[in-house]
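Participant: Quick one, run00.cif (mmCIF, C-alpha atoms):
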data_query
#
loop_
_atom_site.label_atom_id
_atom_site.label_comp_id
_atom_site.auth_asym_id
_atom_site.auth_seq_id
_atom_site.Cartn_x
_atom_site.Cartn_y
_atom_site.Cartn_z
CA MET A 4 0.00 0.00 0.00
CA ILE A 5 1.38 3.42 -0.99
CA PHE A 6 1.90 5.75 1.98
CA ILE A 7 0.83 9.34 1.35
CA PRO A 8 1.95 11.70 4.13
CA LEU A 9 -0.72 13.97 5.58
CA PRO A 10 1.08 17.14 4.37
CA PHE A 11 0.64 15.98 0.76
CA VAL A 12 -3.10 15.57 1.32
CA VAL A 13 -3.25 19.08 2.80
CA ALA A 14 -1.29 20.40 -0.19
CA ILE A 15 -3.78 18.85 -2.63
CA LEU A 16 -6.70 20.38 -0.76
CA LEU A 17 -5.01 23.79 -0.77
CA VAL A 18 -4.42 23.61 -4.54
CA ILE A 19 -8.12 22.81 -4.99
CA LEU A 20 -8.94 25.79 -2.75
CA PHE A 21 -6.73 27.99 -4.92
CA GLY A 22 -8.58 26.84 -8.04
CA VAL A 23 -11.92 27.67 -6.43
CA VAL A 24 -10.73 31.14 -5.39
CA ARG A 25 -9.34 31.83 -8.87
CA SER A 26 -12.53 30.77 -10.61
CA ARG A 27 -14.69 32.76 -8.22
CA ASP A 28 -12.71 36.00 -8.31
CA ASP A 29 -13.64 37.70 -11.58
CA SER A 30 -12.77 41.21 -10.44
CA PRO A 31 -10.42 43.31 -12.58
CA SER A 32 -8.04 43.65 -9.63
CA PRO A 33 -7.89 40.30 -7.79
CA ASN A 34 -6.12 40.09 -4.46
CA LEU A 35 -2.92 38.47 -5.74
CA PRO A 36 -1.13 38.36 -2.34
CA PHE A 37 -3.93 36.20 -0.92
CA GLN A 38 -3.84 33.88 -3.92
CA ALA A 39 -0.06 33.61 -3.66
CA LEU A 40 -0.46 32.87 0.05
CA ILE A 41 -2.66 29.86 -0.66
CA LEU A 42 -0.17 28.48 -3.20
CA LEU A 43 2.74 29.11 -0.84
CA SER A 44 0.89 27.24 1.93
CA ALA A 45 0.48 24.28 -0.43
CA PHE A 46 4.19 24.45 -1.30
CA GLN A 47 5.09 24.46 2.39
CA SER A 48 2.95 21.38 2.93
CA VAL A 49 4.80 19.59 0.14
CA LEU A 50 8.14 20.53 1.68
CA SER A 51 6.95 19.29 5.06
CA GLY A 52 5.87 15.98 3.54
CA LEU A 53 9.22 15.51 1.79
CA ARG A 54 11.18 16.40 4.92
CA TRP A 55 9.27 14.42 7.54
CA GLY A 56 7.56 11.79 5.39
CA TYR A 57 10.43 10.76 3.13
CA ALA A 58 13.46 12.24 4.95
CA VAL A 59 14.49 14.42 1.98
CA LEU A 60 16.97 16.55 3.89
CA PRO A 61 17.87 19.22 1.27
CA VAL A 62 14.37 20.72 1.52
CA MET A 63 15.19 21.87 5.04
CA TYR A 64 17.03 24.84 3.52
CA ALA A 65 13.96 25.99 1.62
CA MET A 66 11.45 25.48 4.45
CA PRO A 67 12.42 28.48 6.63
CA ILE A 68 12.62 30.78 3.61
CA ALA A 69 9.10 29.80 2.55
CA ALA A 70 7.90 30.23 6.13
CA ALA A 71 9.31 33.77 6.21
CA MET A 72 7.30 34.69 3.09
CA VAL A 73 3.92 33.74 4.59
CA PRO A 74 3.37 36.64 7.06
CA PRO A 75 4.28 39.40 4.54
CA LEU A 76 1.86 37.95 1.97
CA ALA A 77 -0.90 37.83 4.58
CA TYR A 78 -0.23 41.45 5.54
CA LEU A 79 -0.10 42.63 1.91
CA GLY A 80 -3.41 40.94 1.14
CA ILE A 81 -5.06 42.50 4.17
CA SER A 82 -3.60 45.96 3.55
CA ARG A 83 -5.15 45.91 0.06
CA LEU A 84 -8.58 45.79 1.74
CA ALA A 85 -7.72 48.30 4.44
CA ARG A 86 -6.08 51.16 2.62
CA LYS A 87 -4.07 52.23 -0.37
CA SER A 88 -0.36 52.04 0.37
CA PRO A 89 1.72 55.14 -0.38
CA LEU A 90 4.45 52.79 -1.60
CA SER A 91 4.72 51.58 -5.18
CA PRO A 92 4.39 47.81 -5.84
CA ILE A 93 8.17 47.55 -6.28
CA GLN A 94 8.76 49.35 -2.98
CA GLN A 95 6.28 47.07 -1.20
CA ILE A 96 7.98 43.96 -2.60
CA CYS A 97 11.38 45.23 -1.47
CA LEU A 98 10.13 46.15 1.99
CA HIS A 99 8.20 42.96 2.69
CA GLY A 100 10.86 40.83 1.04
CA LEU A 101 13.29 41.76 3.82
CA PRO A 102 12.14 38.97 6.20
CA ALA A 103 12.79 36.28 3.59
CA GLY A 104 16.12 37.92 2.75
CA LEU A 105 17.06 37.86 6.43
CA ILE A 106 16.30 34.14 6.66
CA VAL A 107 18.37 33.48 3.52
CA VAL A 108 21.31 35.15 5.25
CA LEU A 109 20.74 33.16 8.44
CA VAL A 110 20.55 29.90 6.46
CA ALA A 111 23.93 30.72 4.98
CA ILE A 112 25.81 31.98 8.03
CA TRP A 113 23.90 31.45 11.30
CA ARG A 114 21.46 28.54 11.24
CA ASP A 115 20.99 28.48 15.01
CA ALA A 116 19.15 31.81 14.79
CA ILE A 117 16.69 30.74 12.09
CA ASP A 118 13.96 29.58 14.48
CA ILE A 119 14.14 32.78 16.50
CA GLY A 120 13.99 34.82 13.28
CA ILE A 121 10.86 32.99 12.06
CA ILE A 122 9.17 33.39 15.46
CA LEU A 123 9.84 37.15 15.50
CA ILE A 124 8.58 37.53 11.93
CA ASP A 125 5.32 35.69 12.73
CA ILE A 126 4.69 37.67 15.91
CA GLY A 127 5.68 40.98 14.31
CA TYR A 128 3.32 40.61 11.34
CA ALA A 129 0.49 39.28 13.50
CA ALA A 130 0.82 42.41 15.65
CA ALA A 131 0.93 44.59 12.51
CA ILE A 132 -2.26 42.99 11.20
CA LEU A 133 -4.08 43.45 14.51
CA LEU A 134 -2.89 47.08 14.62
CA LEU A 135 -4.19 47.60 11.09
CA MET A 136 -7.58 46.21 12.18
CA ARG A 137 -7.78 48.15 15.45
CA SER A 138 -10.81 50.14 14.27
CA GLY A 139 -12.80 47.00 13.47
CA THR A 140 -14.67 46.55 10.21
CA ASP A 141 -14.30 50.26 9.45
CA ALA A 142 -10.61 49.57 8.80
CA LEU A 143 -11.66 47.63 5.68
CA ARG A 144 -12.10 50.77 3.61
CA LEU A 145 -11.89 48.93 0.28
CA ALA A 146 -14.07 45.94 1.17
CA PRO A 147 -17.80 46.03 0.29
CA PHE A 148 -19.91 46.64 3.39
CA GLU A 149 -21.84 43.40 2.91
CA ASN A 150 -18.70 41.30 3.34
CA ALA A 151 -17.02 43.49 5.98
CA GLY A 152 -18.05 41.33 8.94
CA PRO A 153 -16.98 37.92 7.53
CA THR A 154 -13.82 39.45 6.07
CA TYR A 155 -12.88 41.00 9.41
CA ARG A 156 -13.34 37.66 11.18
CA ALA A 157 -11.26 35.89 8.52
CA ILE A 158 -8.47 38.42 9.04
CA LEU A 159 -8.52 37.81 12.80
CA PHE A 160 -8.22 34.08 12.08
CA ALA A 161 -5.23 34.81 9.85
CA ALA A 162 -3.52 36.76 12.64
CA GLY A 163 -4.34 33.92 15.02
CA ALA A 164 -2.82 31.40 12.62
CA LEU A 165 0.44 33.39 12.56
CA LEU A 166 0.51 33.44 16.35
CA LEU A 167 -0.21 29.69 16.41
CA SER A 168 2.69 29.13 14.05
CA ALA A 169 4.93 31.15 16.39
CA VAL A 170 3.80 29.08 19.39
CA VAL A 171 4.50 25.84 17.49
CA ASP A 172 7.96 27.05 16.50
CA ILE A 173 8.71 28.04 20.10
CA PHE A 174 7.65 24.60 21.33
CA ILE A 175 9.78 22.85 18.70
CA TRP A 176 12.78 25.01 19.54
CA LEU A 177 12.43 24.25 23.26
CA ASP A 178 11.87 20.56 22.49
CA PHE A 179 15.18 20.33 20.65
CA VAL A 180 16.93 22.25 23.45
CA TRP A 181 15.53 20.20 26.34
CA ALA A 182 14.36 16.85 24.89
CA ASP A 183 16.47 16.35 21.73
CA GLY A 184 13.40 16.75 19.52
CA THR A 185 11.38 13.92 21.06
CA TYR A 186 8.02 15.52 20.27
CA ALA A 187 9.05 17.71 17.35
CA LEU A 188 7.78 15.42 14.58
CA LYS A 189 4.28 15.12 16.02
CA VAL A 190 4.02 18.85 16.65
CA ILE A 191 5.30 19.73 13.18
CA SER A 192 2.99 17.21 11.51
CA PHE A 193 -0.14 18.66 13.04
CA GLY A 194 0.56 22.09 14.50
CA ASN A 195 2.05 23.79 11.46
CA LEU A 196 -0.35 22.07 9.07
CA ILE A 197 -3.33 23.26 11.08
CA GLY A 198 -1.90 26.78 11.10
CA LEU A 199 -1.29 26.71 7.35
CA ALA A 200 -4.79 25.40 6.66
CA ILE A 201 -6.39 28.08 8.85
CA LEU A 202 -4.29 30.79 7.24
CA ALA A 203 -5.07 29.63 3.69
CA MET A 204 -8.81 29.33 4.38
CA ALA A 205 -8.82 32.76 6.00
CA ALA A 206 -7.09 34.18 2.92
CA ALA A 207 -9.65 32.48 0.68
CA ALA A 208 -12.51 33.93 2.73
CA ALA A 209 -11.01 37.41 2.81
CA SER A 210 -10.25 37.33 -0.92
CA ARG A 211 -14.00 37.34 -1.60
CA SER A 212 -13.87 41.05 -0.81
CA HIS A 213 -12.28 43.24 -3.41
CA ALA A 214 -12.09 46.86 -4.32
CA PRO A 215 -13.73 47.41 -7.72
CA ALA A 216 -11.79 49.51 -10.19
CA GLU A 217 -12.97 53.09 -10.02
CA LYS A 218 -11.67 56.49 -11.04
CA MET A 219 -11.04 59.06 -8.37
CA GLU A 220 -13.46 61.97 -8.37
CA ASN A 221 -11.75 65.29 -8.96
CA VAL A 222 -13.03 66.87 -5.75
CA ARG A 223 -11.12 68.34 -2.85
CA PRO A 224 -12.66 67.24 0.45
CA PRO A 225 -13.54 69.92 2.94
CA GLU A 226 -11.02 70.35 5.72
CA PHE A 227 -13.50 69.85 8.55
CA LEU A 228 -17.19 69.18 9.10
CA GLU A 229 -19.03 68.71 12.36
CA ASP A 230 -20.32 65.22 13.14
CA ALA A 231 -23.91 66.38 12.60
CA GLN A 232 -23.10 67.77 9.17
CA THR A 233 -21.20 64.64 8.22
CA LEU A 234 -23.99 62.34 9.34
CA GLY A 235 -26.52 64.55 7.58
CA ALA A 236 -24.60 64.28 4.32
CA VAL A 237 -24.44 60.50 4.68
CA GLN A 238 -28.18 60.29 5.40
CA VAL A 239 -29.01 62.35 2.31
CA LEU A 240 -26.88 60.03 0.19
CA MET A 241 -28.62 57.00 1.68
CA LYS A 242 -32.23 58.21 1.66
CA ASP A 243 -32.35 60.40 -1.45
CA ARG A 244 -29.86 58.63 -3.73
CA HIS A 245 -30.20 55.12 -2.24
CA ALA A 246 -26.44 54.65 -2.32
CA TYR A 247 -26.77 51.55 -0.14
CA ARG A 248 -28.15 49.65 -3.14
CA ASP A 249 -24.65 49.60 -4.62
CA VAL A 250 -23.42 46.07 -3.88
CA ASP A 251 -19.79 47.23 -4.14
CA LEU A 252 -20.24 50.18 -1.78
CA ASN A 253 -17.33 50.49 0.65
CA LEU A 254 -15.98 53.16 2.97
CA ASP A 255 -13.50 54.47 0.42
CA ARG A 256 -16.15 54.81 -2.29
CA LEU A 257 -18.57 56.42 0.16
CA ALA A 258 -15.90 58.96 1.09
CA ARG A 259 -15.36 59.84 -2.57
CA LYS A 260 -19.07 60.28 -3.20
CA LEU A 261 -19.34 62.70 -0.27
CA ALA A 262 -15.92 64.33 -0.70
CA ILE A 263 -15.39 63.74 3.03
CA PRO A 264 -12.40 61.84 4.51
CA ALA A 265 -13.21 58.20 5.27
CA ARG A 266 -11.92 58.47 8.84
CA GLN A 267 -14.24 61.43 9.49
CA ILE A 268 -17.27 59.50 8.21
CA SER A 269 -16.40 56.48 10.35
CA ALA A 270 -15.88 58.59 13.48
CA ALA A 271 -19.10 60.59 12.98
CA ILE A 272 -21.27 57.51 12.51
CA ASN A 273 -19.63 55.72 15.42
CA ARG A 274 -20.07 58.65 17.83
CA ALA A 275 -23.63 59.43 16.74
CA THR A 276 -25.05 55.91 16.48
CA GLY A 277 -22.64 53.61 18.33
CA LYS A 278 -22.37 51.49 15.19
CA ASN A 279 -19.69 50.93 12.58
CA VAL A 280 -20.26 52.07 9.00
CA SER A 281 -21.11 48.64 7.60
CA GLN A 282 -23.82 48.15 10.24
CA TYR A 283 -25.18 51.63 9.52
CA VAL A 284 -25.37 51.01 5.76
CA ASN A 285 -26.87 47.56 6.19
CA GLU A 286 -29.59 49.00 8.41
CA HIS A 287 -30.67 51.22 5.52
CA ARG A 288 -30.75 48.13 3.32
CA ILE A 289 -32.83 46.24 5.85
CA ALA A 290 -35.23 49.19 6.26
CA GLU A 291 -36.04 49.13 2.53
CA ALA A 292 -36.26 45.33 2.59
CA CYS A 293 -38.87 45.58 5.35
CA LEU A 294 -40.96 47.97 3.23
CA LEU A 295 -40.72 45.75 0.16
CA LEU A 296 -41.65 42.67 2.17
CA ALA A 297 -44.72 44.42 3.56
CA GLU A 298 -45.90 46.23 0.43
CA THR A 299 -44.99 43.94 -2.48
CA GLU A 300 -45.20 40.30 -3.48
CA LYS A 301 -41.57 40.13 -4.57
CA PRO A 302 -39.69 36.98 -3.54
CA VAL A 303 -37.27 37.39 -0.65
CA THR A 304 -34.29 36.65 -2.90
CA GLU A 305 -35.26 39.39 -5.36
CA ILE A 306 -35.66 41.88 -2.51
CA MET A 307 -32.27 40.85 -1.15
CA PHE A 308 -30.61 41.81 -4.45
CA ASP A 309 -32.68 44.99 -4.83
CA VAL A 310 -31.46 46.46 -1.54
CA GLY A 311 -27.77 45.69 -2.08
CA PHE A 312 -27.07 42.26 -0.61
CA GLN A 313 -25.42 39.52 -2.63
CA THR A 314 -25.60 36.48 -0.36
CA LYS A 315 -28.59 35.07 1.48
CA SER A 316 -26.56 34.23 4.57
CA ASN A 317 -25.45 37.84 5.05
CA PHE A 318 -28.94 39.14 4.33
CA ASN A 319 -30.57 36.81 6.85
CA ARG A 320 -27.94 37.51 9.50
CA GLU A 321 -28.26 41.30 9.16
CA PHE A 322 -32.07 41.10 8.97
CA ARG A 323 -32.21 39.18 12.24
CA ARG A 324 -29.71 41.57 13.85
CA VAL A 325 -31.85 44.59 12.99
CA THR A 326 -35.39 43.20 13.38
CA ASP A 327 -34.83 40.16 15.62
CA THR A 328 -36.85 38.08 13.16
CA THR A 329 -36.60 36.48 9.70
CA PRO A 330 -37.77 38.07 6.42
CA LEU A 331 -40.69 35.66 6.06
CA GLU A 332 -41.75 36.17 9.66
CA TRP A 333 -41.62 39.93 9.12
CA ARG A 334 -43.82 39.65 6.03
CA ASP A 335 -46.36 37.53 7.90
CA ARG A 336 -46.46 39.89 10.88
CA SER A 337 -46.79 43.01 8.73
CA ARG A 338 -49.85 41.55 7.02
CA SER A 339 -51.58 40.00 10.01
CA PRO A 340 -54.82 41.71 11.17
CA SER A 341 -53.42 42.30 14.66
CA SER A 342 -50.63 44.48 13.24
#
As structure tokens - that is how I would like this structure written.
Facilitator:
Amino acid sequence: MIFIPLPFVVAILLVILFGVVRSRDDSPSPNLPFQALILLSAFQSVLSGLRWGYAVLPVMYAMPIAAAMVPPLAYLGISRLARKSPLSPIQQICLHGLPAGLIVVLVAIWRDAIDIGIILIDIGYAAAILLLMRSGTDALRLAPFENAGPTYRAILFAAGALLLSAVVDIFIWLDFVWADGTYALKVISFGNLIGLAILAMAAAAASRSHAPAEKMENVRPPEFLEDAQTLGAVQVLMKDRHAYRDVDLNLDRLARKLAIPARQISAAINRATGKNVSQYVNEHRIAEACLLLAETEKPVTEIMFDVGFQTKSNFNREFRRVTDTTPLEWRDRSRSPSS
């Protein structure tokens, strides 16, 4: 019977996941760092299978270099949803290529420091991701509001996977120091693979959000507006122009439509309503959905698309959050004689 190491099975599943993400992402500007991250995770699984399943020792030189490339790719993918970097693509590649370059140097001249280097890279980028997401879903300026919640959770999982990888590497390092690597194989076989799988799936989930190509409006934003004025401008855009019906609406696009800085919009809505921007926009969508459910015979799915949602799961979740009931239950209640 042919023995197939578990890492090879994981690699196959990750390649399939990459194919699904590629076929699903038809945007003109796909999130290439996330797609590269999934492929790199599959490559790491193959290396792990060769090293620990078939004792192919030369791959041990490539493994730490590949590991050092994972956190920068995760950060680059997330930063594409959070903000536009002031750096050019070449500058970003040079900057975030430094960790892998450092590990290459350590492989050549100081192998004992490789594990510590990988641990610091994982922890450093996990902290950078959490810092980038410190304002919650409003940090995802370039992600459509509908997907902001799931994308934010996927990003937190990605940061958690990097921290898990750091914990696994610390345990392995201590195991070799104190127990001559007695438990290293078992930990490597399961711990790192679980971390890679979580990270790749989080990248696949987050890659569903994308910033549609759009020209910048030639408008200079005002220097300052009071919260009341800002919120009033947003409400006019929602109620009079029904901007929430735009399925690709995100914080960056909303800021351009209003010619108001994105951070100012987020702060005004948060202080005035206690909600983030995606919740605020989705409440306008749900309000119109409630009217359509009560006053028309349109199917729920058609109403979902009309008000700006793309997936039934998000629509149902937001509908229950706002009304504490389901769309069908709302329709029945609104038409019952007792109402």
Participant: Can you list, as number ranges by chain, every protein, DNA or RNA residue that comes within 6 Å of stretch 71-74 of chain A when you count only C-alpha atoms, leaving out same-chain residues fewer than 6 positions away?
Facilitator: A: 102-103, 128
Participant: With the file shown as input, list the residues that the PyMOL selection byres ((chain A and resi 248) around 7) selects, as number ranges by chain.
Facilitator: A: 245-247, 249-250, 309-311
Participant: For the residues in the current selection, export C-alpha atoms as an mmCIF file, keeping the file's coordinate frame.
Facilitator:
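And here's part_16.cif as it stands now:
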data_model
loop_
_atom_site.group_PDB
_atom_site.id
_atom_site.type_symbol
_atom_site.label_atom_id
_atom_site.label_comp_id
_atom_site.auth_asym_id
_atom_site.auth_seq_id
_atom_site.Cartn_x
_atom_site.Cartn_y
_atom_site.Cartn_z
ATOM 1 C CA HIS A 245 -30.200 55.120 -2.240
ATOM 2 C CA ALA A 246 -26.440 54.650 -2.320
ATOM 3 C CA TYR A 247 -26.770 51.550 -0.140
ATOM 4 C CA ASP A 249 -24.650 49.600 -4.620
ATOM 5 C CA VAL A 250 -23.420 46.070 -3.880
ATOM 6 C CA ASP A 309 -32.680 44.990 -4.830
ATOM 7 C CA VAL A 310 -31.460 46.460 -1.540
ATOM 8 C CA GLY A 311 -27.770 45.690 -2.080
#
Participant: Choose the residue, out of A:Ile119, A:Ala58, A:Ala161, A:Leu145, that has the smallest atom-to-atom separation from A:Leu40; count all atoms listed in the file.
Facilitator: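 For A:Leu40, the nearest of the candidates is A:Ala161.
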Participant: With the PyMOL selection byres ((chain A and resi 331) around 12) as the selection, what would be picked from this file? Answer as a PyMOL selection string, please.
Facilitator: chain A and resi 292-293+295-297+300-304+306+319+322-323+326+328-330+332-338
Participant: Might you pull out every residue within 9 Å of A:Phe11, with only C-alpha atoms counted and same-chain residues fewer than 3 positions away left off, and present them as a count of residues only?
Facilitator: 12
Participant: Tell me, as a VMD selection string, which residues lie within 9 Å of A:Ala70, counting only C-alpha atoms; anything in the same chain fewer than 4 positions away does not count.
Facilitator: chain A and resid 43 to 44 47 65 to 66 74 103 121 125
Participant: Hey, can you spit out that residue selection with C-alpha atoms as a PDB file, in the frame of the given file?
Facilitator:
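Generated file (selection-v4.pdb):
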ATOM      1  CA  LEU A  43       2.740  29.110  -0.840  1.00  0.00           C
ATOM      2  CA  SER A  44       0.890  27.240   1.930  1.00  0.00           C
ATOM      3  CA  GLN A  47       5.090  24.460   2.390  1.00  0.00           C
ATOM      4  CA  ALA A  65      13.960  25.990   1.620  1.00  0.00           C
ATOM      5  CA  MET A  66      11.450  25.480   4.450  1.00  0.00           C
ATOM      6  CA  PRO A  74       3.370  36.640   7.060  1.00  0.00           C
ATOM      7  CA  ALA A 103      12.790  36.280   3.590  1.00  0.00           C
ATOM      8  CA  ILE A 121      10.860  32.990  12.060  1.00  0.00           C
ATOM      9  CA  ASP A 125       5.320  35.690  12.730  1.00  0.00           C
TER      10      ASP A 125
END
Participant: Output stretch 155-186 of chain A as a PDB file, in the frame of the given file, making sure N, CA and C atoms are there.
Facilitator:
ATOM      1  N   TYR A 155     -13.574  40.617   8.183  1.00  0.00           N
ATOM      2  CA  TYR A 155     -12.880  41.000   9.410  1.00  0.00           C
ATOM      3  C   TYR A 155     -12.580  39.775  10.269  1.00  0.00           C
ATOM      4  N   ARG A 156     -13.561  38.877  10.385  1.00  0.00           N
ATOM      5  CA  ARG A 156     -13.340  37.660  11.180  1.00  0.00           C
ATOM      6  C   ARG A 156     -12.278  36.772  10.536  1.00  0.00           C
ATOM      7  N   ALA A 157     -12.283  36.684   9.214  1.00  0.00           N
ATOM      8  CA  ALA A 157     -11.260  35.890   8.520  1.00  0.00           C
ATOM      9  C   ALA A 157      -9.868  36.455   8.768  1.00  0.00           C
ATOM     10  N   ILE A 158      -9.765  37.782   8.799  1.00  0.00           N
ATOM     11  CA  ILE A 158      -8.470  38.420   9.040  1.00  0.00           C
ATOM     12  C   ILE A 158      -7.987  38.130  10.462  1.00  0.00           C
ATOM     13  N   LEU A 159      -8.898  38.153  11.429  1.00  0.00           N
ATOM     14  CA  LEU A 159      -8.520  37.810  12.800  1.00  0.00           C
ATOM     15  C   LEU A 159      -8.033  36.365  12.881  1.00  0.00           C
ATOM     16  N   PHE A 160      -8.680  35.464  12.137  1.00  0.00           N
ATOM     17  CA  PHE A 160      -8.220  34.080  12.080  1.00  0.00           C
ATOM     18  C   PHE A 160      -6.823  33.996  11.490  1.00  0.00           C
ATOM     19  N   ALA A 161      -6.558  34.809  10.468  1.00  0.00           N
ATOM     20  CA  ALA A 161      -5.230  34.810   9.850  1.00  0.00           C
ATOM     21  C   ALA A 161      -4.163  35.247  10.853  1.00  0.00           C
ATOM     22  N   ALA A 162      -4.465  36.314  11.610  1.00  0.00           N
ATOM     23  CA  ALA A 162      -3.520  36.760  12.640  1.00  0.00           C
ATOM     24  C   ALA A 162      -3.339  35.682  13.694  1.00  0.00           C
ATOM     25  N   GLY A 163      -4.436  35.002  14.051  1.00  0.00           N
ATOM     26  CA  GLY A 163      -4.340  33.920  15.020  1.00  0.00           C
ATOM     27  C   GLY A 163      -3.502  32.763  14.508  1.00  0.00           C
ATOM     28  N   ALA A 164      -3.609  32.482  13.212  1.00  0.00           N
ATOM     29  CA  ALA A 164      -2.820  31.400  12.620  1.00  0.00           C
ATOM     30  C   ALA A 164      -1.322  31.721  12.677  1.00  0.00           C
ATOM     31  N   LEU A 165      -0.969  32.994  12.456  1.00  0.00           N
ATOM     32  CA  LEU A 165       0.440  33.390  12.560  1.00  0.00           C
ATOM     33  C   LEU A 165       0.949  33.233  13.988  1.00  0.00           C
ATOM     34  N   LEU A 166       0.113  33.606  14.947  1.00  0.00           N
ATOM     35  CA  LEU A 166       0.510  33.440  16.350  1.00  0.00           C
ATOM     36  C   LEU A 166       0.619  31.968  16.710  1.00  0.00           C
ATOM     37  N   LEU A 167      -0.297  31.135  16.170  1.00  0.00           N
ATOM     38  CA  LEU A 167      -0.210  29.690  16.410  1.00  0.00           C
ATOM     39  C   LEU A 167       1.079  29.131  15.839  1.00  0.00           C
ATOM     40  N   SER A 168       1.442  29.581  14.657  1.00  0.00           N
ATOM     41  CA  SER A 168       2.690  29.130  14.050  1.00  0.00           C
ATOM     42  C   SER A 168       3.888  29.515  14.923  1.00  0.00           C
ATOM     43  N   ALA A 169       3.852  30.722  15.502  1.00  0.00           N
ATOM     44  CA  ALA A 169       4.930  31.150  16.390  1.00  0.00           C
ATOM     45  C   ALA A 169       5.004  30.279  17.633  1.00  0.00           C
ATOM     46  N   VAL A 170       3.844  29.946  18.196  1.00  0.00           N
ATOM     47  CA  VAL A 170       3.800  29.080  19.390  1.00  0.00           C
ATOM     48  C   VAL A 170       4.366  27.699  19.065  1.00  0.00           C
ATOM     49  N   VAL A 171       3.987  27.148  17.900  1.00  0.00           N
ATOM     50  CA  VAL A 171       4.500  25.840  17.490  1.00  0.00           C
ATOM     51  C   VAL A 171       6.008  25.877  17.333  1.00  0.00           C
ATOM     52  N   ASP A 172       6.514  26.933  16.701  1.00  0.00           N
ATOM     53  CA  ASP A 172       7.960  27.050  16.500  1.00  0.00           C
ATOM     54  C   ASP A 172       8.701  27.188  17.835  1.00  0.00           C
ATOM     55  N   ILE A 173       8.092  27.911  18.774  1.00  0.00           N
ATOM     56  CA  ILE A 173       8.710  28.040  20.100  1.00  0.00           C
ATOM     57  C   ILE A 173       8.775  26.682  20.786  1.00  0.00           C
ATOM     58  N   PHE A 174       7.673  25.927  20.701  1.00  0.00           N
ATOM     59  CA  PHE A 174       7.650  24.600  21.330  1.00  0.00           C
ATOM     60  C   PHE A 174       8.701  23.677  20.711  1.00  0.00           C
ATOM     61  N   ILE A 175       8.798  23.707  19.381  1.00  0.00           N
ATOM     62  CA  ILE A 175       9.780  22.850  18.700  1.00  0.00           C
ATOM     63  C   ILE A 175      11.199  23.239  19.101  1.00  0.00           C
ATOM     64  N   TRP A 176      11.447  24.545  19.151  1.00  0.00           N
ATOM     65  CA  TRP A 176      12.780  25.010  19.540  1.00  0.00           C
ATOM     66  C   TRP A 176      13.133  24.541  20.952  1.00  0.00           C
ATOM     67  N   LEU A 177      12.185  24.687  21.885  1.00  0.00           N
ATOM     68  CA  LEU A 177      12.430  24.250  23.260  1.00  0.00           C
ATOM     69  C   LEU A 177      12.561  22.730  23.334  1.00  0.00           C
ATOM     70  N   ASP A 178      11.796  22.018  22.490  1.00  0.00           N
ATOM     71  CA  ASP A 178      11.870  20.560  22.490  1.00  0.00           C
ATOM     72  C   ASP A 178      13.254  20.074  22.066  1.00  0.00           C
ATOM     73  N   PHE A 179      13.832  20.724  21.070  1.00  0.00           N
ATOM     74  CA  PHE A 179      15.180  20.330  20.650  1.00  0.00           C
ATOM     75  C   PHE A 179      16.229  20.708  21.702  1.00  0.00           C
ATOM     76  N   VAL A 180      15.972  21.820  22.419  1.00  0.00           N
ATOM     77  CA  VAL A 180      16.930  22.250  23.450  1.00  0.00           C
ATOM     78  C   VAL A 180      16.891  21.322  24.660  1.00  0.00           C
ATOM     79  N   TRP A 181      15.681  20.928  25.073  1.00  0.00           N
ATOM     80  CA  TRP A 181      15.530  20.200  26.340  1.00  0.00           C
ATOM     81  C   TRP A 181      15.309  18.693  26.165  1.00  0.00           C
ATOM     82  N   ALA A 182      14.719  18.274  25.028  1.00  0.00           N
ATOM     83  CA  ALA A 182      14.360  16.850  24.890  1.00  0.00           C
ATOM     84  C   ALA A 182      14.881  16.242  23.597  1.00  0.00           C
ATOM     85  N   ASP A 183      15.865  16.876  22.962  1.00  0.00           N
ATOM     86  CA  ASP A 183      16.470  16.350  21.730  1.00  0.00           C
ATOM     87  C   ASP A 183      15.440  16.077  20.638  1.00  0.00           C
ATOM     88  N   GLY A 184      14.391  16.872  20.591  1.00  0.00           N
ATOM     89  CA  GLY A 184      13.400  16.750  19.520  1.00  0.00           C
ATOM     90  C   GLY A 184      12.480  15.560  19.639  1.00  0.00           C
ATOM     91  N   THR A 185      12.220  15.104  20.857  1.00  0.00           N
ATOM     92  CA  THR A 185      11.380  13.920  21.060  1.00  0.00           C
ATOM     93  C   THR A 185       9.972  14.108  20.504  1.00  0.00           C
ATOM     94  N   TYR A 186       9.417  15.290  20.687  1.00  0.00           N
ATOM     95  CA  TYR A 186       8.020  15.520  20.270  1.00  0.00           C
ATOM     96  C   TYR A 186       7.920  16.387  19.019  1.00  0.00           C
TER      97      TYR A 186
END
